[in-house]
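Working notes, beginning with the structure itself.
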Amino acid sequence: MTSWVDVICIIVVFLSLVILSNSRVTAMIRVFALQSFVLGLLPFFLHISGMSGRVVMISLVTIILKAGLVPYILFWAIRHVSMRTEIKPILGFGTSIILGAIVIAGAFWVSLSLKLPGKPVSDLILPCSLSTVLLGFMIMVTRTRAVTQVLGYLILENGIFLFAISLFDEMPALIEMGVLLDIFVAVFIMAIVVNHINEEFEKNTVSVGRSKMGETF
Amino acid sequence: MMNIIFLILAHWLIVLTLAPLFVGVITKVKAFFAGKKGPSVFQPFFDLQRLFQKNSVYSRTTTWVFRGAPIVNLAAVLLLSLMIPLGPFKAPLQFSGDILLAVYILSLARFFMIIAALDTGSSFEGMGASREAFFSCLCELALFMNFITLSLVSHSISLSTMIGADTSLSWNLIGPALLLVAGSFFLVILAENNRIPIDDPDTHLELTMIHEVMILDHSGVDLGFMLYAAAIKLFIFAGILVPIILSIHAGNPIVDMLIFLGGMLGASMAVGIVESTMARLKLNRVKNLLLIAVAVAFFGFVVKMWKG
Amino acid sequence: MERFFQLPWQVPFGEFSLKIDSLSLMFLMAIFILVFCAGVYAVGYMREYQGRRPMGLHIFFYILFSLALVFVVLANNVILFLGAWEMMSISSYFLIVFHDEKPSVRRAGFLFLVASHCGTFLLFLMFFLMAHNGGSMNFDLISHTSFSSGLAGVVFLLAIIGFGVKAGFIPVHIWLPHAHPAAPSHISAVLSGVMIKMGIYGICRVLWILGVLPDWCGYVLLMIGVVSGVMGVLYALGQHELKKLLAYHSIENIGIIALGLGLGLLGESHHMPYLTVLGFGGALLHVLNHSIFKGLLFLGAGAVIQKTHTGEIDQMGGLAKRMPVVSILFLIGAVSICGLPLFNGFISEFIIYFGLFKGLASLPLLGAFGCGLGIIALGLMGSLALACFAKVYGTVFLGQPRSPSAVEPWGKTSSWMIVPMLVLGALCLWIGLFPRRMASLAFLGGGYLSHTDLSSLNMGIIFIPLSFIISALILFIALMVGLFGMRRIFLKGLIPSVRETWGCGFSQSSARIQYTSSSFARLIVELVKSVLLFKREGGEVRDLFPAKIKLTSSIQDASEKFFFRPLFDRLTSLSKKLDIHSIRYTQMYLMYIFLYLIFLLVWKMK
């Protein structure tokens, strides 16, 4: 096998595509957790020659936070919502997949003209991270529910993470922590907002609240 | 000349004996997952033997098309089996561009199956025929995309060369692209051969079937031919995927054969595991799955072009 | 290979100069085969109209039309070409409007005439530019002069649109789906089989004259091929009128031909002679093949329509039992048009595929993407065409009759109609199994078109695979015979019983619950419903016990609805405004002549 880094990049983009085409929120959150897990393994494989405690710690923290805590919070946020399955996006699913494939091709084409300083471990990192960022954008833009929009944002963050962690040998922990904090804040705010709307409508009749929540989420 | 005849006969012997066994292994794996003992792996042979001895019932509405379709189907897959290498036996029919003959002879078989289904004048078969026509459009799209990538990797447009030695060496260079091609091709195998999650080969509810409902009215010898052809087609498709993944080539023919048989056993178990762990998708989700296969194949093509 | 023939002719700028060469050969073969077969067919087909309609007029225009077709291909001079072109358009108009008692036929004929003349107008412009640059009206002499890159590009675009109207490129194809159902079936066969190819011939001739073209031209033709092909077959899937469906399939096959031509141009601009010959040769062979199998399909459709008196597929059914010979011949045509092996469609598509794969491997990035797109489009077209023709064949010939018109008794189909179809079917099979002759002629034509010397190329790269295909197909036929024998043995002594079709225990089934053409194509049409402008009305179940529900679905041609219809409406209202009501017609024309005289005088006085 060429390099596991290549394979990880490909898997990340593939999983973004799967999330793009999916219509069930629970499945989307699970696939996102898988994607974050795979990304968390990336520091391992990057520094397979020069392993250090710091690399291991970054890996572990990423996995625990992004593959464990964030999905848990998301599941908690949607626990009251009755209609978790059917979402009507702005674009049909077939169109989303085709557009997603074209976006990936476009990202690769754009990467042709982008020259990076230094020599990265794998030349697939830049186009794959750009693809993931763009696919995350697409998910954010084409969905109507708040949970899936936040998921799109999280995928975008994953793409940026993929880019950042591979290209800086000396990974400043500051940037990494900043990125993770970003995600945390977004998810927390969304969870609180959802919870508040929950409580607000729970005070009125249950059925009315349910349908109103169903519309928003 | 004698060499070619020997290869042709060897190919047909292998395919005719191993294809039903392949299906038998899949059934056994599914039974294992269900906690049952399941039928013997040789059950498909007994089924075929029973069918070939039975009399046929024909519908009043049908014409010669209905009686001829199983023959076209079986002849097409037998011709197709000559185009792939099986273990140490090279493909007797290989030339530049043979993938096109392969794809289109399968389309010929499919055409006759669809019109044979419409021949019965039943709405069940019409349903199966319509779905088959639709899904095959998407499958062929993914298939062509995969072939484009493979032809770029192996610098040839002959099926044997595409899945042969050069390609397996390329795992070192273009592993990601081949991984995507293999993944997309696996989905195509499931779709073309009517396996879960696209179609359920064991259900007998006409509303949920695709392939099974097209052959609903066939009986006796015709049904035997259709089932044999389906088994051989699955075997051949798996036989295309296995050499792409298994890149070991010993010089010894016996070892090569064992490696091939092992690979096919692994493929049948993989299909069985997928069938046991997934449920059949809702029909409008099937097209999304096939579109994902197309998108993955396209992604593989992009990665290959990127890598040069 | 070329031969000349010249006659003195008094027309200014014109000369009666004819030339036959390897390029025109393929088109001439198509013309002769189809005109002859359709003519013989017409004897049987038109029998019922004898005495009721002016048959002599029809025959006269048919002969005129055939002559015009031949002269278009042989003409070596601009004036002669344009004259023959006009004669072709006008005589075909009169042939199309044979059933002029129907308003839809009259409208279709008028639309055809307008579209044809729009295209011819552009052709006038284009020929003027070419002759001006070349300093002569003779094709040979013009081809010896060189064109600047910009001028070549402009001429190319004018040719694409001008000839494209006749050929049926999307989006200027809108006359095709109306003219074909309106015309009698043998005329539809010649229209689709030959007249459309005259548009292709015009483009080929212009390419030959221009010689060297800018690089982007190949990509334009490739894109036109992809769009016309895929859109054509998608529109065809949504049709339920037999001849309109066949018309859209002609558009699809023109797309395939354009794809081959685009590949050839790409080969020319990248100096890869193999791509050029494969692309052009494949396109020319497909021209011939399509004439043969499309002619066969239209003649078969005519036989069916003659007996059932309707063109609606959903009114037919079970016709294979009543018209066995026609059904087998139609099946041959259907299998050929899907490009399936054993028949000629596969051979020409194989050559184009082969060229595209070679281009994929050897062209730089943009070219490789173009070839990849071409391969994908061809594959998609093939599978969609398979779906469409399975639908047509299954709904028309198989199953149970869906309406009384398919059940009424009728006489045997006339032999005058069967024999030409047999000839065309046999040709399909012959080219499919023994393609070497025709393929070599096509490659000769392709080489001539691109000014490539074939002797320097090793054509074995395509002939060796073709010979393998032939052996494989013969093995396939042997396998089928063997399996048939085995089936015989297995059923020996057993008499199969005949029952009703298994309906899952439902005993009240009628022929109306069979799949119709729209239900068969529903899955695909609804996948692309925004592209096809698919509309569905009714069909909602409101009450608890609904008695009667009406459901209609339709697709619309986008270029017709959004572009041409508004354009024509606006032009008609504009021309109405120009009508000066107080002056009568004679005076108005006298005024026009008067104005023109003044214009001439002023011009000459300078």
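Labels used: A, B, ... for chains in the order of the structure tokens, numbers from 1 for residues in each chain, and numbers from 1 for ligands as shown.
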Taking only C-alpha atoms into account and nothing else, which residues of chain B lie no more than 9 Å away from chain A? Please answer as a short mmCIF file (atom, residue, chain, number, x, y, z; two decimals) with N, CA and C atoms, in the first residue's frame.
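Generated output (out18.cif):
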```cif
data_model
loop_
_atom_site.label_atom_id
_atom_site.label_comp_id
_atom_site.auth_asym_id
_atom_site.auth_seq_id
_atom_site.Cartn_x
_atom_site.Cartn_y
_atom_site.Cartn_z
N TRP B 171 -0.91 -1.42 -6.92
CA TRP B 171 -1.40 -1.09 -5.58
C TRP B 171 -0.38 -0.23 -4.85
N ASN B 172 0.90 -0.46 -5.18
CA ASN B 172 1.90 0.35 -4.50
C ASN B 172 1.83 1.81 -4.91
N LEU B 173 1.45 2.03 -6.16
CA LEU B 173 1.49 3.40 -6.66
C LEU B 173 0.17 4.11 -6.50
N ILE B 174 -0.90 3.43 -6.88
CA ILE B 174 -2.17 4.13 -6.95
C ILE B 174 -3.19 3.42 -6.08
N GLY B 175 -2.73 2.97 -4.93
CA GLY B 175 -3.62 2.25 -4.02
C GLY B 175 -4.96 2.90 -3.79
N PRO B 176 -5.01 4.18 -3.43
CA PRO B 176 -6.30 4.81 -3.16
C PRO B 176 -7.27 4.70 -4.32
N ALA B 177 -6.78 4.94 -5.54
CA ALA B 177 -7.70 4.87 -6.67
C ALA B 177 -8.25 3.47 -6.83
N LEU B 179 -8.53 1.26 -4.53
CA LEU B 179 -9.42 0.98 -3.41
C LEU B 179 -10.82 1.46 -3.75
N LEU B 180 -10.91 2.68 -4.29
CA LEU B 180 -12.22 3.23 -4.64
C LEU B 180 -12.86 2.42 -5.75
N LYS B 287 -31.53 3.82 -5.69
CA LYS B 287 -30.90 4.65 -6.70
C LYS B 287 -29.85 5.53 -6.07
N ASN B 288 -30.07 5.96 -4.80
CA ASN B 288 -29.03 6.74 -4.14
C ASN B 288 -27.77 5.92 -3.94
N LEU B 289 -27.96 4.64 -3.55
CA LEU B 289 -26.79 3.78 -3.35
C LEU B 289 -26.01 3.62 -4.64
N LEU B 291 -26.04 5.67 -7.14
CA LEU B 291 -25.38 6.93 -7.47
C LEU B 291 -24.12 7.12 -6.64
N ILE B 292 -24.13 6.62 -5.40
CA ILE B 292 -22.91 6.68 -4.60
C ILE B 292 -21.84 5.83 -5.26
N VAL B 294 -21.52 5.29 -8.39
CA VAL B 294 -21.03 6.08 -9.52
C VAL B 294 -20.10 7.16 -9.04
N ALA B 295 -20.49 7.86 -7.95
CA ALA B 295 -19.67 8.95 -7.44
C ALA B 295 -18.33 8.43 -6.95
N VAL B 296 -18.33 7.27 -6.29
CA VAL B 296 -17.07 6.69 -5.80
C VAL B 296 -16.17 6.33 -6.97
N PHE B 298 -16.21 7.71 -9.89
CA PHE B 298 -15.74 8.96 -10.45
C PHE B 298 -14.61 9.52 -9.60
N PHE B 299 -14.75 9.40 -8.29
CA PHE B 299 -13.71 9.86 -7.38
C PHE B 299 -12.42 9.10 -7.65
N VAL B 302 -10.83 10.51 -10.64
CA VAL B 302 -10.18 11.79 -10.36
C VAL B 302 -8.85 11.58 -9.65
N VAL B 303 -8.84 10.65 -8.66
CA VAL B 303 -7.61 10.39 -7.93
C VAL B 303 -6.54 9.84 -8.88
N TRP B 306 -5.20 12.56 -10.88
CA TRP B 306 -4.38 13.43 -10.04
C TRP B 306 -2.98 12.86 -9.87
N LYS B 307 -2.96 11.51 -9.65
CA LYS B 307 -1.68 10.89 -9.40
C LYS B 307 -0.84 10.76 -10.66
#
```
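Within 12 Å of chain A, and using only C-alpha atoms, the residues found on chain C are Leu365, Leu366, Phe369, Glu526, Leu527, Val528, Lys529, Ser530 and Val531 of chain C.
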Would you write out, as a Markdown table, a table of all residues in chain C that have an atom no more than 6 Å from an atom of chain B, listing for each the closest atom pair and the distance in Å to one decimal, considering only C-alpha atoms and ordering rows by chain and rising residue number?
```
| residue | atom | partner | partner_atom | distance |
| --- | --- | --- | --- | --- |
| C:Leu340 | CA | B:Leu108 | CA | 5.7 |
| C:Ser383 | CA | B:Cys137 | CA | 5.1 |
| C:Ala387 | CA | B:Ala133 | CA | 5.2 |
| C:Ala390 | CA | B:Ile115 | CA | 5.8 |
| C:Gly394 | CA | B:Leu118 | CA | 5.3 |
| C:Leu398 | CA | B:Asp119 | CA | 4.8 |
| C:Gly399 | CA | B:Gly121 | CA | 3.8 |
| C:Gln400 | CA | B:Gly121 | CA | 5.6 |
| C:Pro465 | CA | B:Phe95 | CA | 5.8 |
| C:Leu479 | CA | B:Ala75 | CA | 5.6 |
| C:Met480 | CA | B:Ala75 | CA | 5.7 |
| C:Pro496 | CA | B:Ser56 | CA | 4.9 |
| C:Ser497 | CA | B:Val57 | CA | 4.9 |
| C:Val498 | CA | B:Tyr58 | CA | 4.8 |
| C:Arg499 | CA | B:Ser59 | CA | 5.0 |
| C:Glu500 | CA | B:Ser59 | CA | 5.1 |
| C:Thr501 | CA | B:Ser59 | CA | 4.9 |
| C:Gln514 | CA | B:Ser123 | CA | 4.7 |
| C:Tyr515 | CA | B:Gly126 | CA | 5.4 |
| C:Phe520 | CA | B:Ser130 | CA | 4.9 |
| C:Ile524 | CA | B:Phe134 | CA | 5.9 |
```
Kindly export the residues of the current selection with N, CA and C atoms, as a CSV table (one decimal), in the first residue's frame.
```csv
chain,number,residue,atom,x,y,z
C,340,LEU,N,-26.4,-3.7,-29.6
C,340,LEU,CA,-26.1,-4.9,-29.0
C,340,LEU,C,-25.4,-5.8,-30.0
C,383,SER,N,-27.5,2.1,-22.4
C,383,SER,CA,-28.4,1.5,-21.5
C,383,SER,C,-29.8,2.2,-21.5
C,387,ALA,N,-33.4,0.4,-22.4
C,387,ALA,CA,-34.7,0.5,-21.6
C,387,ALA,C,-35.8,0.9,-22.6
C,390,ALA,N,-36.8,-1.9,-25.1
C,390,ALA,CA,-37.4,-3.0,-24.4
C,390,ALA,C,-38.9,-2.6,-24.1
C,394,GLY,N,-41.8,-4.5,-26.0
C,394,GLY,CA,-42.7,-5.3,-25.0
C,394,GLY,C,-44.1,-4.8,-25.1
C,398,LEU,N,-45.6,-7.6,-27.5
C,398,LEU,CA,-45.7,-8.7,-26.5
C,398,LEU,C,-46.9,-8.4,-25.5
C,399,GLY,N,-47.1,-9.3,-24.7
C,399,GLY,CA,-48.2,-9.1,-23.7
C,399,GLY,C,-49.5,-9.3,-24.3
C,400,GLN,N,-50.5,-8.7,-23.7
C,400,GLN,CA,-51.9,-8.9,-24.2
C,400,GLN,C,-52.3,-7.6,-24.9
C,465,PRO,N,-9.1,-6.7,-33.4
C,465,PRO,CA,-10.2,-6.9,-32.4
C,465,PRO,C,-11.5,-7.2,-33.1
C,479,LEU,N,-23.2,-21.6,-29.2
C,479,LEU,CA,-23.6,-21.9,-27.9
C,479,LEU,C,-25.1,-21.9,-27.8
C,480,MET,N,-25.7,-20.9,-28.5
C,480,MET,CA,-27.2,-20.8,-28.4
C,480,MET,C,-27.8,-22.0,-29.1
C,496,PRO,N,-45.3,-29.6,-22.6
C,496,PRO,CA,-45.5,-28.5,-21.6
C,496,PRO,C,-47.0,-28.1,-21.6
C,497,SER,N,-47.5,-27.8,-20.4
C,497,SER,CA,-48.9,-27.4,-20.4
C,497,SER,C,-49.0,-25.9,-20.5
C,498,VAL,N,-50.1,-25.4,-21.0
C,498,VAL,CA,-50.3,-24.0,-21.2
C,498,VAL,C,-51.4,-23.5,-20.3
C,499,ARG,N,-51.1,-22.4,-19.5
C,499,ARG,CA,-52.0,-21.9,-18.6
C,499,ARG,C,-52.1,-20.4,-18.8
C,500,GLU,N,-52.9,-19.8,-17.9
C,500,GLU,CA,-52.9,-18.3,-17.8
C,500,GLU,C,-51.6,-17.9,-17.1
C,501,THR,N,-51.2,-16.6,-17.4
C,501,THR,CA,-50.1,-16.1,-16.6
C,501,THR,C,-50.4,-16.0,-15.2
C,514,GLN,N,-51.6,-4.4,-17.3
C,514,GLN,CA,-50.2,-4.6,-17.7
C,514,GLN,C,-49.5,-3.3,-17.6
C,515,TYR,N,-48.2,-3.4,-17.7
C,515,TYR,CA,-47.4,-2.2,-17.7
C,515,TYR,C,-47.5,-1.4,-19.0
C,520,PHE,N,-43.6,1.9,-17.5
C,520,PHE,CA,-42.3,1.3,-17.6
C,520,PHE,C,-41.2,2.3,-17.5
C,524,ILE,N,-37.2,6.1,-14.7
C,524,ILE,CA,-36.1,6.9,-15.3
C,524,ILE,C,-36.5,8.3,-15.5
```
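Take atom CA of B:Asp200 and atom CA of B:Leu281: the distance between them is 9.7 Å.
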Using DSSP secondary structure from the backbone, list all alpha helix (DSSP H) positions within stretch 46-235 of chain B, as a ChimeraX atom specification. /B:46-53,64-81,98-119,123-154,159-162,165-169,171-192,211-214,220-235
Keeping C-alpha atoms, export the residues of the selection given above as a CSV table (one decimal), in the first residue's frame.
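For reference, part26.csv as written:
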```
chain,number,residue,atom,x,y,z
B,46,PHE,CA,-29.7,-30.6,-6.5
B,47,ASP,CA,-32.1,-27.7,-7.4
B,48,LEU,CA,-30.8,-27.5,-10.9
B,49,GLN,CA,-31.0,-31.3,-11.3
B,50,ARG,CA,-34.6,-31.2,-10.1
B,51,LEU,CA,-35.5,-28.4,-12.5
B,52,PHE,CA,-34.0,-30.0,-15.5
B,53,GLN,CA,-36.1,-33.1,-14.9
B,64,TRP,CA,-40.9,-17.6,-28.6
B,65,VAL,CA,-39.2,-14.7,-26.9
B,66,PHE,CA,-40.1,-16.2,-23.5
B,67,ARG,CA,-38.7,-19.5,-24.5
B,68,GLY,CA,-35.6,-18.1,-26.0
B,69,ALA,CA,-34.5,-15.7,-23.3
B,70,PRO,CA,-33.0,-18.3,-21.0
B,71,ILE,CA,-30.9,-19.7,-23.8
B,72,VAL,CA,-29.6,-16.2,-24.8
B,73,ASN,CA,-28.9,-15.5,-21.1
B,74,LEU,CA,-26.9,-18.7,-20.5
B,75,ALA,CA,-25.0,-18.5,-23.7
B,76,ALA,CA,-24.1,-14.9,-23.0
B,77,VAL,CA,-22.6,-15.6,-19.6
B,78,LEU,CA,-20.8,-18.7,-20.9
B,79,LEU,CA,-19.2,-16.5,-23.5
B,80,LEU,CA,-18.4,-13.9,-20.8
B,81,SER,CA,-16.6,-16.6,-18.8
B,98,ASP,CA,-13.0,-7.0,-25.1
B,99,ILE,CA,-14.5,-5.2,-22.2
B,100,LEU,CA,-17.0,-3.6,-24.6
B,101,LEU,CA,-18.0,-7.0,-25.9
B,102,ALA,CA,-18.4,-8.2,-22.3
B,103,VAL,CA,-20.6,-5.3,-21.2
B,104,TYR,CA,-22.7,-5.4,-24.4
B,105,ILE,CA,-23.2,-9.2,-24.5
B,106,LEU,CA,-24.5,-8.9,-20.9
B,107,SER,CA,-26.8,-6.1,-22.1
B,108,LEU,CA,-28.0,-8.4,-24.9
B,109,ALA,CA,-28.9,-11.0,-22.2
B,110,ARG,CA,-30.6,-8.3,-20.1
B,111,PHE,CA,-32.6,-7.1,-23.1
B,112,PHE,CA,-34.0,-10.5,-23.7
B,113,MET,CA,-34.7,-11.0,-20.0
B,114,ILE,CA,-36.7,-7.8,-19.9
B,115,ILE,CA,-38.7,-8.4,-23.0
B,116,ALA,CA,-39.4,-12.0,-21.8
B,117,ALA,CA,-40.7,-10.5,-18.6
B,118,LEU,CA,-43.0,-8.2,-20.6
B,119,ASP,CA,-44.0,-11.1,-22.8
B,123,SER,CA,-47.9,-6.4,-14.2
B,124,PHE,CA,-45.5,-8.2,-11.7
B,125,GLU,CA,-43.0,-8.9,-14.4
B,126,GLY,CA,-43.5,-5.5,-15.9
B,127,MET,CA,-42.6,-4.1,-12.5
B,128,GLY,CA,-39.4,-6.1,-12.3
B,129,ALA,CA,-38.5,-5.3,-15.9
B,130,SER,CA,-39.0,-1.6,-15.3
B,131,ARG,CA,-36.8,-1.6,-12.2
B,132,GLU,CA,-34.2,-3.8,-13.9
B,133,ALA,CA,-34.0,-1.4,-16.8
B,134,PHE,CA,-33.6,1.6,-14.5
B,135,PHE,CA,-31.0,0.1,-12.2
B,136,SER,CA,-29.0,-1.2,-15.0
B,137,CYS,CA,-28.6,2.3,-16.4
B,138,LEU,CA,-26.9,3.4,-13.2
B,139,CYS,CA,-24.9,0.2,-12.8
B,140,GLU,CA,-23.5,0.5,-16.3
B,141,LEU,CA,-22.6,4.1,-15.6
B,142,ALA,CA,-20.6,3.0,-12.6
B,143,LEU,CA,-19.1,0.1,-14.5
B,144,PHE,CA,-17.9,2.3,-17.4
B,145,MET,CA,-16.4,4.7,-14.9
B,146,ASN,CA,-14.5,1.9,-13.2
B,147,PHE,CA,-13.3,0.6,-16.5
B,148,ILE,CA,-12.0,4.0,-17.5
B,149,THR,CA,-9.9,4.1,-14.3
B,150,LEU,CA,-8.7,0.5,-14.7
B,151,SER,CA,-7.8,1.1,-18.4
B,152,LEU,CA,-5.7,4.2,-17.3
B,153,VAL,CA,-4.0,2.2,-14.7
B,154,SER,CA,-3.2,-0.9,-16.8
B,159,LEU,CA,-10.3,-7.2,-19.4
B,160,SER,CA,-7.6,-9.8,-18.7
B,161,THR,CA,-4.9,-7.2,-18.7
B,162,MET,CA,-6.9,-4.9,-16.6
B,165,ALA,CA,-0.4,-8.7,-13.1
B,166,ASP,CA,0.2,-5.1,-13.9
B,167,THR,CA,-2.7,-3.8,-12.0
B,168,SER,CA,-1.9,-5.7,-8.8
B,169,LEU,CA,1.6,-4.2,-8.9
B,171,TRP,CA,-1.4,-1.1,-5.6
B,172,ASN,CA,1.9,0.4,-4.5
B,173,LEU,CA,1.5,3.4,-6.7
B,174,ILE,CA,-2.2,4.1,-6.9
B,175,GLY,CA,-3.6,2.2,-4.0
B,176,PRO,CA,-6.3,4.8,-3.2
B,177,ALA,CA,-7.7,4.9,-6.7
B,178,LEU,CA,-7.8,1.1,-6.8
B,179,LEU,CA,-9.4,1.0,-3.4
B,180,LEU,CA,-12.2,3.2,-4.6
B,181,VAL,CA,-12.6,1.2,-7.8
B,182,ALA,CA,-12.8,-2.0,-5.8
B,183,GLY,CA,-15.4,-0.5,-3.5
B,184,SER,CA,-17.5,0.8,-6.3
B,185,PHE,CA,-17.2,-2.5,-8.2
B,186,PHE,CA,-18.3,-4.4,-5.1
B,187,LEU,CA,-21.5,-2.3,-5.0
B,188,VAL,CA,-22.0,-3.0,-8.7
B,189,ILE,CA,-21.6,-6.7,-8.1
B,190,LEU,CA,-24.4,-6.6,-5.5
B,191,ALA,CA,-26.6,-4.6,-7.8
B,192,GLU,CA,-26.0,-6.5,-11.0
B,211,HIS,CA,-34.7,-10.3,-10.7
B,212,GLU,CA,-36.8,-12.9,-9.1
B,213,VAL,CA,-40.0,-11.4,-10.4
B,214,MET,CA,-38.7,-11.2,-13.9
B,220,GLY,CA,-38.6,-26.3,-15.5
B,221,VAL,CA,-35.6,-26.2,-17.9
B,222,ASP,CA,-36.0,-22.5,-18.6
B,223,LEU,CA,-35.9,-21.7,-14.9
B,224,GLY,CA,-32.9,-24.0,-14.6
B,225,PHE,CA,-31.1,-22.1,-17.3
B,226,MET,CA,-32.0,-18.7,-15.8
B,227,LEU,CA,-30.7,-19.7,-12.3
B,228,TYR,CA,-27.6,-21.3,-13.7
B,229,ALA,CA,-26.9,-18.1,-15.7
B,230,ALA,CA,-27.4,-15.9,-12.6
B,231,ALA,CA,-25.0,-18.0,-10.6
B,232,ILE,CA,-22.4,-18.0,-13.3
B,233,LYS,CA,-22.8,-14.2,-13.7
B,234,LEU,CA,-22.2,-13.7,-10.0
B,235,PHE,CA,-19.1,-16.0,-10.1
```
